[in-house]
>>> print(open('run20.txt').read())   # compact mmCIF, C-alpha atoms and all ligand atoms
# COMPACT_ATOMS: atom_id res chain seq x y z
CA MET A 146 74.90 16.14 -13.04
CA THR A 147 74.56 18.74 -10.30
CA ALA A 148 71.24 19.93 -11.83
CA ALA A 149 69.63 16.80 -10.36
CA ARG A 150 69.76 18.60 -7.00
CA PHE A 151 66.79 20.67 -8.04
CA GLU A 152 63.55 18.90 -7.49
CA PHE A 153 60.31 19.59 -9.32
CA THR A 154 57.72 16.87 -8.92
CA PRO A 155 54.46 18.25 -10.26
CA PRO A 156 51.57 17.11 -8.06
CA VAL A 157 48.16 16.25 -9.43
CA PHE A 158 45.17 18.13 -8.05
CA PRO A 159 43.00 15.61 -6.18
CA GLY A 160 39.44 15.40 -7.58
CA HIS A 161 37.74 17.23 -4.72
CA ILE A 162 39.71 20.39 -5.55
CA GLU A 163 37.54 20.88 -8.63
CA SER A 164 34.50 21.35 -6.41
CA LEU A 165 36.40 23.83 -4.23
CA ARG A 166 37.33 25.70 -7.41
CA GLU A 167 33.67 25.75 -8.42
CA GLU A 168 32.75 27.09 -5.00
CA VAL A 169 35.22 29.98 -5.39
CA ARG A 170 34.03 30.72 -8.93
CA ALA A 171 30.39 30.76 -7.80
CA PHE A 172 31.28 33.14 -4.95
CA LEU A 173 33.16 35.42 -7.36
CA ALA A 174 30.26 35.38 -9.83
CA GLU A 175 27.87 36.36 -7.04
CA GLU A 176 30.18 39.18 -5.97
CA ARG A 177 30.37 40.37 -9.56
CA ALA A 178 26.60 40.20 -10.03
CA SER A 179 26.04 42.25 -6.87
CA GLY A 180 28.46 44.92 -8.11
CA ALA A 181 30.94 44.28 -5.29
CA LEU A 182 33.51 43.01 -7.79
CA PRO A 183 33.58 44.99 -11.03
CA ARG A 184 35.06 43.33 -14.08
CA PRO A 185 38.61 44.62 -13.87
CA ASN A 186 40.29 46.91 -16.37
CA TYR A 187 43.61 46.57 -14.53
CA VAL A 188 46.06 43.94 -13.32
CA SER A 189 46.75 45.65 -9.97
CA MET A 190 45.99 43.83 -6.75
CA LEU A 191 43.62 46.18 -4.92
CA VAL A 192 42.54 46.51 -1.28
CA SER A 193 38.95 45.83 -0.20
CA LEU A 194 38.44 45.31 3.51
CA PRO A 195 34.85 43.99 3.10
CA PHE A 196 36.04 41.50 0.46
CA THR A 197 38.87 40.32 2.72
CA LYS A 198 36.32 39.77 5.52
CA LYS A 199 34.12 37.71 3.18
CA LEU A 200 37.05 35.48 2.24
CA ALA A 201 37.89 35.05 5.91
CA GLU A 202 34.30 34.03 6.68
CA ARG A 203 34.57 31.33 3.99
CA GLY A 204 37.80 30.02 5.50
CA TRP A 205 39.96 31.17 2.57
CA ILE A 206 42.55 33.00 4.66
CA GLY A 207 44.92 30.91 6.76
CA MET A 208 43.69 27.88 4.84
CA THR A 209 46.62 25.58 5.69
CA TRP A 210 47.28 26.58 9.32
CA PRO A 211 46.36 24.50 12.35
CA ALA A 212 42.84 25.07 13.68
CA GLU A 213 44.19 26.02 17.11
CA TYR A 214 45.63 29.19 15.51
CA GLY A 215 42.48 30.06 13.58
CA GLY A 216 43.48 28.11 10.46
CA HIS A 217 41.44 25.65 8.43
CA GLU A 218 43.80 22.69 8.02
CA ARG A 219 43.39 22.49 4.26
CA THR A 220 46.21 21.32 2.01
CA ALA A 221 48.72 23.47 0.12
CA LEU A 222 47.07 22.44 -3.16
CA GLU A 223 43.65 23.51 -1.93
CA ARG A 224 45.12 26.89 -1.05
CA TYR A 225 46.87 26.97 -4.40
CA ALA A 226 43.60 26.42 -6.28
CA VAL A 227 41.76 29.12 -4.32
CA THR A 228 44.63 31.56 -4.91
CA GLU A 229 44.63 30.82 -8.65
CA GLU A 230 40.91 31.56 -8.89
CA LEU A 231 41.23 34.81 -6.95
CA LEU A 232 44.18 35.96 -9.05
CA ALA A 233 42.49 35.02 -12.33
CA ALA A 234 39.53 37.19 -11.30
CA CYS A 235 41.82 40.04 -10.18
CA ALA A 236 40.00 39.92 -6.86
CA PRO A 237 40.89 42.69 -4.36
CA ILE A 238 43.03 40.61 -1.97
CA ARG A 239 45.85 43.07 -1.34
CA ALA A 240 44.95 43.82 2.29
CA HIS A 241 45.61 40.32 3.68
CA TRP A 242 47.88 39.06 0.90
CA VAL A 243 51.30 39.40 2.58
CA ALA A 244 50.13 38.29 6.03
CA ASP A 245 48.41 35.22 4.61
CA ARG A 246 51.20 34.27 2.20
CA GLN A 247 54.36 34.83 4.17
CA SER A 248 54.21 36.67 7.54
CA ALA A 249 52.02 33.99 9.09
CA ALA A 250 54.35 31.31 7.71
CA VAL A 251 57.26 32.95 9.56
CA LEU A 252 55.27 33.17 12.79
CA LEU A 253 54.13 29.57 12.49
CA ARG A 254 57.66 28.34 11.95
CA PHE A 255 59.67 30.61 14.23
CA GLY A 256 57.25 32.57 16.46
CA THR A 257 56.62 31.96 20.13
CA GLU A 258 53.46 30.20 21.25
CA GLU A 259 52.09 33.55 22.51
CA GLN A 260 52.76 35.19 19.15
CA LYS A 261 51.02 32.40 17.26
CA ARG A 262 47.99 32.64 19.53
CA LYS A 263 47.83 36.40 19.38
CA TYR A 264 48.40 37.16 15.68
CA LEU A 265 47.38 34.16 13.57
CA PRO A 266 43.66 34.04 14.47
CA ARG A 267 43.31 37.77 13.75
CA ILE A 268 45.05 37.36 10.39
CA ALA A 269 42.78 34.42 9.51
CA ALA A 270 39.78 36.53 10.53
CA GLY A 271 40.81 39.19 7.98
CA ASP A 272 41.40 41.80 10.69
CA TRP A 273 45.19 42.17 10.92
CA PHE A 274 47.58 42.71 8.03
CA PHE A 275 51.37 42.72 7.70
CA THR A 276 54.00 44.26 5.45
CA PRO A 277 57.52 42.82 5.01
CA GLY A 278 60.10 45.16 6.57
CA LEU A 279 63.19 44.07 4.69
CA SER A 280 64.47 46.49 1.99
CA GLU A 281 66.21 49.75 2.79
CA PRO A 282 67.20 52.67 0.56
CA ASP A 283 70.80 51.40 0.46
CA ALA A 284 70.13 47.70 1.00
CA GLY A 285 67.78 45.90 -1.40
CA SER A 286 69.56 43.11 -3.23
CA ASP A 287 72.39 43.29 -0.74
CA LEU A 288 69.98 42.94 2.15
CA ALA A 289 72.55 41.88 4.75
CA SER A 290 74.12 45.34 4.54
CA LEU A 291 70.99 46.88 6.09
CA ARG A 292 71.47 49.63 8.69
CA THR A 293 68.24 49.70 10.67
CA SER A 294 69.27 48.75 14.17
CA ALA A 295 67.74 48.00 17.54
CA THR A 296 69.35 48.77 20.89
CA LYS A 297 68.44 46.85 24.05
CA VAL A 298 66.60 48.86 26.71
CA GLU A 299 64.61 47.76 29.73
CA GLY A 300 61.68 45.57 28.64
CA GLY A 301 62.43 45.81 24.96
CA TRP A 302 64.30 47.47 22.12
CA ARG A 303 64.63 50.92 20.54
CA VAL A 304 64.61 50.88 16.73
CA GLN A 305 66.26 53.47 14.52
CA GLY A 306 66.36 53.45 10.72
CA THR A 307 64.31 53.39 7.54
CA LYS A 308 62.69 50.76 5.33
CA ILE A 309 61.48 51.24 1.78
CA TRP A 310 59.07 49.75 -0.80
CA ASN A 311 56.89 48.42 2.02
CA SER A 312 53.83 47.07 0.26
CA ASN A 313 50.53 48.04 1.76
CA SER A 314 52.01 49.43 4.99
CA HIS A 315 49.42 52.24 4.88
CA VAL A 316 46.76 49.54 5.37
CA ALA A 317 48.67 46.99 7.49
CA GLN A 318 48.84 47.18 11.27
CA TYR A 319 52.22 45.40 11.59
CA THR A 320 55.53 44.91 9.89
CA LEU A 321 57.92 41.99 10.34
CA LEU A 322 61.05 44.07 10.70
CA LEU A 323 64.53 42.75 9.94
CA CYS A 324 67.16 44.77 11.79
CA ARG A 325 70.60 44.56 13.32
CA THR A 326 70.71 43.69 17.03
CA GLU A 327 74.44 42.87 17.17
CA PRO A 328 77.45 43.99 15.15
CA ALA A 329 77.99 41.83 12.06
CA GLY A 330 81.55 40.67 12.70
CA GLU A 331 82.96 38.55 9.90
CA ASP A 332 79.61 37.08 8.89
CA ARG A 333 77.17 39.82 7.85
CA HIS A 334 74.25 37.43 8.24
CA HIS A 335 75.03 37.16 11.93
CA GLY A 336 73.39 39.54 14.44
CA LEU A 337 70.17 40.19 12.53
CA SER A 338 66.83 39.73 14.28
CA ARG A 339 63.17 39.91 13.42
CA PHE A 340 60.59 41.99 15.36
CA ILE A 341 56.84 42.31 15.07
CA VAL A 342 56.40 46.09 15.02
CA ASP A 343 53.04 47.75 15.54
CA LEU A 344 52.90 50.41 12.83
CA SER A 345 50.90 52.74 15.09
CA SER A 346 53.83 52.95 17.56
CA PRO A 347 55.09 56.46 18.40
CA GLY A 348 58.12 57.38 16.28
CA ILE A 349 56.96 55.68 13.05
CA GLN A 350 56.27 57.72 9.94
CA ILE A 351 54.77 56.16 6.80
CA ARG A 352 55.35 58.14 3.61
CA PRO A 353 53.58 57.07 0.40
CA ILE A 354 55.47 56.27 -2.80
CA ILE A 355 53.30 56.46 -5.93
CA ASN A 356 54.26 53.79 -8.45
CA LEU A 357 54.52 53.99 -12.24
CA ALA A 358 50.87 52.95 -12.62
CA GLY A 359 49.93 56.03 -10.56
CA GLU A 360 48.86 53.87 -7.61
CA HIS A 361 49.67 54.06 -3.93
CA ASP A 362 50.80 50.51 -3.24
CA PHE A 363 54.05 50.90 -1.30
CA ASN A 364 55.69 53.31 1.14
CA GLN A 365 58.84 54.35 2.93
CA LEU A 366 58.85 53.74 6.69
CA TYR A 367 60.87 55.84 9.14
CA PHE A 368 61.66 54.53 12.63
CA ASP A 369 62.79 57.16 15.10
CA ASP A 370 63.57 55.65 18.50
CA VAL A 371 60.59 53.28 18.23
CA PHE A 372 60.01 51.06 21.27
CA VAL A 373 59.38 47.35 20.59
CA PRO A 374 58.66 45.13 23.61
CA ASP A 375 60.71 41.96 24.20
CA GLU A 376 57.63 39.82 23.58
CA ASN A 377 57.70 40.98 19.92
CA VAL A 378 61.08 39.42 19.12
CA VAL A 379 60.26 36.63 16.64
CA GLY A 380 61.85 33.37 17.73
CA GLU A 381 65.48 33.64 18.73
CA LEU A 382 67.53 36.81 18.67
CA GLY A 383 70.11 36.66 15.88
CA ASN A 384 68.06 34.22 13.78
CA GLY A 385 66.70 36.97 11.51
CA TRP A 386 68.57 36.02 8.35
CA ASN A 387 67.36 32.44 8.47
CA GLN A 388 63.79 33.67 8.99
CA ALA A 389 64.00 36.18 6.13
CA THR A 390 65.32 33.65 3.61
CA THR A 391 62.67 31.13 4.64
CA GLU A 392 60.00 33.82 4.19
CA LEU A 393 61.29 34.55 0.69
CA ALA A 394 60.64 30.97 -0.44
CA TYR A 395 56.95 31.60 0.30
CA GLU A 396 57.13 34.93 -1.50
CA ARG A 397 58.89 33.70 -4.61
CA SER A 398 57.10 30.60 -5.78
CA GLY A 399 53.32 31.02 -5.75
CA PRO A 400 50.91 31.38 -8.68
CA GLU A 401 51.34 35.17 -8.48
CA ARG A 402 54.76 34.66 -10.05
CA TRP A 403 53.23 33.68 -13.37
CA MET A 404 49.74 35.17 -13.06
CA SER A 405 50.37 38.88 -12.43
CA SER A 406 49.17 39.79 -15.93
CA PHE A 407 46.75 36.90 -16.40
CA ARG A 408 43.90 39.43 -16.82
CA LEU A 409 45.63 40.76 -19.95
CA LEU A 410 45.90 37.30 -21.48
CA ALA A 411 42.21 36.64 -20.74
CA GLU A 412 41.10 39.97 -22.31
CA LEU A 413 43.34 39.43 -25.31
CA THR A 414 41.99 35.92 -25.93
CA GLU A 415 38.46 37.29 -25.77
CA ALA A 416 39.24 40.19 -28.13
CA LEU A 417 40.90 37.87 -30.66
CA GLY A 418 37.77 35.72 -30.54
CA GLU A 419 37.03 32.74 -32.70
CA ASP A 420 38.34 34.42 -35.84
CA ALA A 421 41.90 34.75 -34.51
CA SER A 422 44.49 34.29 -37.25
CA PRO A 423 46.57 31.09 -37.28
CA SER A 424 49.66 33.05 -36.25
CA ALA A 425 47.81 34.64 -33.30
CA CYS A 426 46.63 31.17 -32.24
CA ARG A 427 50.21 29.93 -32.42
CA GLU A 428 51.46 32.82 -30.27
CA LEU A 429 48.67 32.38 -27.72
CA GLY A 430 49.27 28.64 -27.62
CA ALA A 431 52.97 29.13 -26.96
CA LEU A 432 52.21 31.55 -24.09
CA LEU A 433 49.72 29.13 -22.54
CA ALA A 434 52.13 26.20 -22.83
CA GLU A 435 54.86 28.16 -21.04
CA MET A 436 52.42 29.29 -18.39
CA LEU A 437 51.26 25.74 -17.71
CA ALA A 438 54.85 24.50 -17.35
CA LEU A 439 55.53 27.26 -14.81
CA ARG A 440 52.34 26.34 -13.01
CA GLN A 441 53.54 22.76 -12.57
CA MET A 442 56.87 23.90 -11.19
CA SER A 443 55.25 26.37 -8.82
CA MET A 444 52.73 23.77 -7.57
CA SER A 445 55.56 21.36 -6.78
CA ILE A 446 57.12 23.99 -4.51
CA ALA A 447 53.82 24.51 -2.67
CA VAL A 448 53.93 20.82 -1.76
CA MET A 449 57.60 20.97 -0.68
CA LEU A 450 56.87 23.93 1.60
CA GLU A 451 53.97 22.01 3.11
CA GLN A 452 56.38 19.18 3.88
CA GLY A 453 58.48 21.63 5.91
CA ARG A 454 61.32 21.68 3.39
CA ALA A 455 63.15 24.83 2.27
CA PRO A 456 63.17 24.80 -1.54
CA ASN A 457 64.89 28.20 -1.74
CA GLN A 458 66.69 27.46 -5.00
CA GLU A 459 63.68 25.92 -6.72
CA ALA A 460 61.67 28.97 -5.63
CA ALA A 461 64.34 31.23 -7.17
CA ILE A 462 64.02 29.32 -10.46
CA VAL A 463 60.24 29.77 -10.50
CA LYS A 464 60.62 33.45 -9.58
CA ASP A 465 63.13 34.08 -12.34
CA LEU A 466 61.40 32.09 -15.11
CA GLY A 467 57.89 33.11 -14.01
CA THR A 468 58.48 36.84 -13.77
CA CYS A 469 60.47 36.96 -17.01
CA PHE A 470 57.55 35.12 -18.63
CA GLU A 471 54.90 37.48 -17.31
CA GLN A 472 56.95 40.49 -18.35
CA ALA A 473 57.54 39.11 -21.86
CA MET A 474 53.87 38.18 -22.10
CA VAL A 475 52.84 41.83 -21.76
CA ALA A 476 55.17 42.78 -24.62
CA LYS A 477 53.88 39.87 -26.71
CA ALA A 478 50.26 40.91 -26.06
CA ARG A 479 51.07 44.46 -27.19
CA ASP A 480 52.66 43.12 -30.42
CA LEU A 481 49.71 40.83 -31.11
CA ILE A 482 47.21 43.66 -30.62
CA HIS A 483 49.16 45.66 -33.21
CA GLU A 484 49.67 42.78 -35.66
CA GLU A 485 46.04 41.67 -35.51
CA GLY A 486 44.79 45.25 -35.93
CA ILE A 487 42.68 45.21 -32.75
CA GLU A 488 41.12 48.66 -32.32
CA LEU A 489 41.66 49.59 -28.67
CA HIS A 490 39.39 52.63 -28.77
CA GLY A 491 36.43 50.66 -30.06
CA GLY A 492 34.95 47.46 -28.62
CA ALA A 493 38.29 46.42 -27.10
CA ARG A 494 38.62 49.49 -24.88
CA ARG A 495 38.91 47.39 -21.76
CA LEU A 496 41.78 45.45 -23.34
CA GLY A 497 43.58 48.77 -23.94
CA GLU A 498 43.10 49.79 -20.32
CA VAL A 499 44.37 46.45 -19.00
CA LEU A 500 47.35 46.69 -21.36
CA ASP A 501 48.20 50.22 -20.11
CA ASN A 502 48.05 49.08 -16.50
CA ALA A 503 50.00 45.85 -17.17
CA GLN A 504 52.76 47.75 -18.99
CA ALA A 505 53.21 50.05 -16.01
CA TRP A 506 53.25 47.15 -13.53
CA SER A 507 55.29 44.64 -15.51
CA ILE A 508 58.54 46.55 -15.08
CA CYS A 509 58.61 45.65 -11.39
CA TYR A 510 57.82 41.93 -11.82
CA THR A 511 61.48 40.99 -12.13
CA ILE A 512 62.48 43.25 -9.20
CA ARG A 513 59.93 42.76 -6.41
CA GLY A 514 60.59 39.78 -4.15
CA GLY A 515 64.25 39.81 -5.28
CA ALA A 516 65.72 40.98 -8.60
CA LYS A 517 66.24 38.45 -11.39
CA GLU A 518 70.03 38.82 -11.30
CA ILE A 519 69.93 37.89 -7.62
CA MET A 520 67.73 34.87 -8.37
CA ARG A 521 70.32 33.70 -10.87
CA GLY A 522 73.03 34.03 -8.21
CA VAL A 523 70.96 31.85 -5.84
CA ILE A 524 70.48 29.26 -8.61
CA ALA A 525 74.18 29.31 -9.53
CA ARG A 526 75.12 28.70 -5.88
CA GLY A 527 72.69 25.77 -5.85
CA LEU A 528 74.51 24.35 -8.88
CA GLY A 529 77.82 24.80 -7.11
CA LEU A 530 78.92 27.35 -9.71
CA ARG A 531 79.65 30.21 -7.24
C1 LIG A 601 56.29 46.42 -6.33
C2 LIG A 601 57.35 46.19 -5.27
C3 LIG A 601 56.97 45.83 -4.00
C4 LIG A 601 57.93 45.63 -3.00
N1 LIG A 601 57.51 45.33 -1.74
C5 LIG A 601 58.42 45.22 -0.76
C6 LIG A 601 58.00 45.02 0.60
O1 LIG A 601 56.81 44.96 0.89
N2 LIG A 601 58.94 44.94 1.55
C7 LIG A 601 60.28 45.03 1.27
O2 LIG A 601 61.08 44.92 2.19
N3 LIG A 601 60.72 45.22 0.00
C8 LIG A 601 59.82 45.33 -1.01
N4 LIG A 601 60.25 45.56 -2.30
C9 LIG A 601 61.66 45.75 -2.55
C10 LIG A 601 62.35 44.69 -3.38
O3 LIG A 601 62.54 43.51 -2.64
C11 LIG A 601 63.67 45.30 -3.87
O4 LIG A 601 63.32 46.34 -4.79
C12 LIG A 601 64.57 44.32 -4.54
O5 LIG A 601 65.05 43.38 -3.60
C13 LIG A 601 65.76 45.01 -5.25
O6 LIG A 601 66.43 45.87 -4.38
P1 LIG A 601 66.70 47.39 -4.78
O7 LIG A 601 65.41 48.01 -5.21
O8 LIG A 601 67.45 48.03 -3.66
O9 LIG A 601 67.61 47.35 -6.07
P2 LIG A 601 69.22 47.17 -6.11
O10 LIG A 601 69.63 46.13 -5.14
O11 LIG A 601 69.84 48.52 -6.02
O12 LIG A 601 69.38 46.60 -7.57
C14 LIG A 601 69.33 47.43 -8.73
C15 LIG A 601 69.72 46.59 -9.91
O13 LIG A 601 71.07 46.11 -9.73
C16 LIG A 601 71.11 44.70 -9.86
N5 LIG A 601 72.05 44.10 -8.91
C17 LIG A 601 72.17 44.38 -7.60
N6 LIG A 601 73.09 43.59 -7.03
C18 LIG A 601 73.54 42.76 -8.00
C19 LIG A 601 74.47 41.67 -8.03
N7 LIG A 601 75.11 41.28 -6.93
N8 LIG A 601 74.68 41.02 -9.22
C20 LIG A 601 74.01 41.41 -10.33
N9 LIG A 601 73.12 42.42 -10.35
C21 LIG A 601 72.86 43.08 -9.21
C22 LIG A 601 69.70 44.23 -9.52
O14 LIG A 601 69.43 42.98 -10.07
C23 LIG A 601 68.84 45.33 -10.09
O15 LIG A 601 68.62 45.11 -11.46
C24 LIG A 601 59.30 45.76 -3.31
C25 LIG A 601 59.70 46.11 -4.61
C26 LIG A 601 58.74 46.34 -5.58
C27 LIG A 601 59.20 46.74 -6.96
>>> encode(input="run20.txt", output="structure tokens", more="lines below")
Ligand SMILES: Cc1cc2nc3c(=O)[nH]c(=O)nc-3n(C[C@H](O)[C@H](O)[C@H](O)COP(=O)(O)OP(=O)(O)OC[C@H]3O[C@@H](n4cnc5c(N)ncnc54)[C@H](O)[C@@H]3O)c2cc1C
Amino acid sequence: MTAARFEFTPPVFPGHIESLREEVRAFLAEERASGALPRPNYVSMLVSLPFTKKLAERGWIGMTWPAEYGGHERTALERYAVTEELLAACAPIRAHWVADRQSAAVLLRFGTEEQKRKYLPRIAAGDWFFTPGLSEPDAGSDLASLRTSATKVEGGWRVQGTKIWNSNSHVAQYTLLLCRTEPAGEDRHHGLSRFIVDLSSPGIQIRPIINLAGEHDFNQLYFDDVFVPDENVVGELGNGWNQATTELAYERSGPERWMSSFRLLAELTEALGEDASPSACRELGALLAEMLALRQMSMSIAVMLEQGRAPNQEAAIVKDLGTCFEQAMVAKARDLIHEEGIELHGGARRLGEVLDNAQAWSICYTIRGGAKEIMRGVIARGLGLR
């Protein structure tokens, strides 16, 4: 059958990863005890520059990159374990999140030697942050129809256009911009290029967009005749589509695709306590079983990416199943709270707050990083159905 083309070989965590996990947990406990990391009543991923610096000092940013670029030469599974622990604790890792997860991967794979030497060590040090510059007001799912363009001038390019939903661009120093450098011709994926753009460049405006949870997490970016030097073209001109789709495999398959509302599950389990009814135990068990299956699939992609492969379709499967799971989990938690008569204004106040925040966030889970309908198109193409 064609389905055999998809490959999910769940790896086993080597023994030493348990001690790394313990190290992260001990660090998080210390941070909590010192008040630097309050017990969260939200699922949001928040920004803390001091916390990012502490992770960098421990070697937990750029974990898998070569040492010559400031990395720590750890394995994908070591990085996976550290990320799981940070997500489970709802640690404030927003500042460096995108740069560490995906922008650096693009630079490592496609960037020039100068770019690798300039940007990667500063990302690993927790100093420089990136935002993906892909979506536009009229080009989200249909990304290849984007209109932001760059025109060649002496020594560089002049960029004109707008990007939207740029996560954390009010904190980041750079965006990895996807824009048109040549007319599309018959193939719309042709003529797109990727630039590293310094967000403090003259001509850039960053306007906040407040999300449903009332938080300032993303923005709209306006580029008015912004100069980008030649040295900031990532890899080859015209290779932008290939770079963007490779980047998306990193964005679509990590533990964050099934852990976004993990905090809610943890609070709910605690509130149900040892006296949980048999039906609540059944529901919780079913959620955990699904989560663990997703975890195995997502871990297998981490290993494939480490091997230099491009598991774009497998990543789309994890993104679709994982984000539908984490969305449904929020609804299931709400139902269980009601059915079990948990009083949210009493001792379980924190659970109520996490639920409120998770409900506001969960709507976007199946949109960000590529909408679920688009994921299904990618999967169908992989099966030869489209
Ligand atoms: C929290 C969050 C953070 C984000 N961060 C970033 C970021 O940092 N950088 C960035 O560049 N982008 C970012 N995005 C944008 C995100 O990638 C887009 O929202 C997403 O790709 C969908 O595009 P769109 O919003 O234009 O929706 P549209 O493309 O207009 O889609 C609207 C609806 O129509 C459906 N649809 C569209 N086309 C088809 C089709 N061919 N077949 C079936 N259904 C279809 C979609 O599935 C969706 O349900 C972020 C989004 C969110 C929610």
>>> closest_residue(input="run20.txt", among="A:Glu412, A:Glu360, A:Asp283, A:Asp480", to="ligand LIG 601 (chain A)", atoms="only C-alpha atoms and all ligand atoms")
A:Asp283
>>> residues_near_point(input="run20.txt", point="(63.5, 37.6, 12.0)", cutoff="10 Å", atoms="all atoms listed in the file", output="PDB file with C-alpha atoms, in the frame of the given file")
ATOM      1  CA  VAL A 251      57.260  32.950   9.560  1.00  0.00           C
ATOM      2  CA  LEU A 252      55.270  33.170  12.790  1.00  0.00           C
ATOM      3  CA  PHE A 255      59.670  30.610  14.230  1.00  0.00           C
ATOM      4  CA  GLY A 256      57.250  32.570  16.460  1.00  0.00           C
ATOM      5  CA  GLY A 278      60.100  45.160   6.570  1.00  0.00           C
ATOM      6  CA  LEU A 279      63.190  44.070   4.690  1.00  0.00           C
ATOM      7  CA  LEU A 321      57.920  41.990  10.340  1.00  0.00           C
ATOM      8  CA  LEU A 322      61.050  44.070  10.700  1.00  0.00           C
ATOM      9  CA  LEU A 323      64.530  42.750   9.940  1.00  0.00           C
ATOM     10  CA  CYS A 324      67.160  44.770  11.790  1.00  0.00           C
ATOM     11  CA  LEU A 337      70.170  40.190  12.530  1.00  0.00           C
ATOM     12  CA  SER A 338      66.830  39.730  14.280  1.00  0.00           C
ATOM     13  CA  ARG A 339      63.170  39.910  13.420  1.00  0.00           C
ATOM     14  CA  PHE A 340      60.590  41.990  15.360  1.00  0.00           C
ATOM     15  CA  ILE A 341      56.840  42.310  15.070  1.00  0.00           C
ATOM     16  CA  VAL A 378      61.080  39.420  19.120  1.00  0.00           C
ATOM     17  CA  VAL A 379      60.260  36.630  16.640  1.00  0.00           C
ATOM     18  CA  GLY A 380      61.850  33.370  17.730  1.00  0.00           C
ATOM     19  CA  GLU A 381      65.480  33.640  18.730  1.00  0.00           C
ATOM     20  CA  LEU A 382      67.530  36.810  18.670  1.00  0.00           C
ATOM     21  CA  GLY A 383      70.110  36.660  15.880  1.00  0.00           C
ATOM     22  CA  ASN A 384      68.060  34.220  13.780  1.00  0.00           C
ATOM     23  CA  GLY A 385      66.700  36.970  11.510  1.00  0.00           C
ATOM     24  CA  TRP A 386      68.570  36.020   8.350  1.00  0.00           C
ATOM     25  CA  ASN A 387      67.360  32.440   8.470  1.00  0.00           C
ATOM     26  CA  GLN A 388      63.790  33.670   8.990  1.00  0.00           C
ATOM     27  CA  ALA A 389      64.000  36.180   6.130  1.00  0.00           C
ATOM     28  CA  THR A 390      65.320  33.650   3.610  1.00  0.00           C
ATOM     29  CA  THR A 391      62.670  31.130   4.640  1.00  0.00           C
ATOM     30  CA  GLU A 392      60.000  33.820   4.190  1.00  0.00           C
TER      31      GLU A 392
END
>>> residues_near_ligand(input="run20.txt", ligand="ligand LIG 601 (chain A)", cutoff="7 Å", atoms="all atoms listed in the file", output="compact mmCIF listing (two decimals) with C-alpha atoms, in the frame of the given file")
# COMPACT_ATOMS: atom_id res chain seq x y z
CA THR A 276 54.00 44.26 5.45
CA PRO A 277 57.52 42.82 5.01
CA GLY A 278 60.10 45.16 6.57
CA LEU A 279 63.19 44.07 4.69
CA SER A 280 64.47 46.49 1.99
CA GLU A 281 66.21 49.75 2.79
CA PRO A 282 67.20 52.67 0.56
CA ASP A 283 70.80 51.40 0.46
CA ALA A 284 70.13 47.70 1.00
CA GLY A 285 67.78 45.90 -1.40
CA SER A 286 69.56 43.11 -3.23
CA ASP A 287 72.39 43.29 -0.74
CA LYS A 308 62.69 50.76 5.33
CA ILE A 309 61.48 51.24 1.78
CA TRP A 310 59.07 49.75 -0.80
CA ASN A 311 56.89 48.42 2.02
CA SER A 312 53.83 47.07 0.26
CA PHE A 363 54.05 50.90 -1.30
CA CYS A 509 58.61 45.65 -11.39
CA TYR A 510 57.82 41.93 -11.82
CA ILE A 512 62.48 43.25 -9.20
CA ARG A 513 59.93 42.76 -6.41
CA GLY A 514 60.59 39.78 -4.15
CA GLY A 515 64.25 39.81 -5.28
CA ALA A 516 65.72 40.98 -8.60
CA LYS A 517 66.24 38.45 -11.39
CA GLU A 518 70.03 38.82 -11.30
CA ILE A 519 69.93 37.89 -7.62
>>> residues_around(input="run20.txt", residues="Thr511 (chain A)", least_positions_apart="5", cutoff="10 Å", atoms="only C-alpha atoms", output="PDB file with C-alpha atoms, in the coordinates of the input")
ATOM      1  CA  ARG A 402      54.760  34.660 -10.050  1.00  0.00           C
ATOM      2  CA  LYS A 464      60.620  33.450  -9.580  1.00  0.00           C
ATOM      3  CA  ASP A 465      63.130  34.080 -12.340  1.00  0.00           C
ATOM      4  CA  LEU A 466      61.400  32.090 -15.110  1.00  0.00           C
ATOM      5  CA  GLY A 467      57.890  33.110 -14.010  1.00  0.00           C
ATOM      6  CA  THR A 468      58.480  36.840 -13.770  1.00  0.00           C
ATOM      7  CA  CYS A 469      60.470  36.960 -17.010  1.00  0.00           C
ATOM      8  CA  PHE A 470      57.550  35.120 -18.630  1.00  0.00           C
ATOM      9  CA  GLU A 471      54.900  37.480 -17.310  1.00  0.00           C
ATOM     10  CA  GLN A 472      56.950  40.490 -18.350  1.00  0.00           C
ATOM     11  CA  ALA A 516      65.720  40.980  -8.600  1.00  0.00           C
ATOM     12  CA  LYS A 517      66.240  38.450 -11.390  1.00  0.00           C
ATOM     13  CA  GLU A 518      70.030  38.820 -11.300  1.00  0.00           C
ATOM     14  CA  MET A 520      67.730  34.870  -8.370  1.00  0.00           C
TER      15      MET A 520
END
>>> atom_distance(input="run20.txt", atom1="CA of Ser424 (chain A)", atom2="CA of Lys477 (chain A)")
12.5 Å
>>> atom_distance(input="run20.txt", atom1="CA of Pro211 (chain A)", atom2="CA of Ala269 (chain A)")
10.9 Å
>>> residues_around(input="run20.txt", residues="Ala317 (chain A)", least_positions_apart="3", cutoff="8 Å", atoms="only C-alpha atoms", output="count of residues only")
9
>>> atom_distance(input="run20.txt", atom1="CA of Ser345 (chain A)", atom2="CA of Ala295 (chain A)")
17.7 Å
>>> closest_residue(input="run20.txt", among="A:Arg352, A:Arg333, A:His315, A:Arg262", to="Ala289 (chain A)", atoms="all atoms listed in the file")
A:Arg333
>>> residues_around(input="run20.txt", residues="region 433-443 of chain A", least_positions_apart="2", cutoff="7 Å", atoms="only C-alpha atoms", output="PyMOL selection string")
chain A and resi 153+155+398-400+403+429-431+445-447+463+467
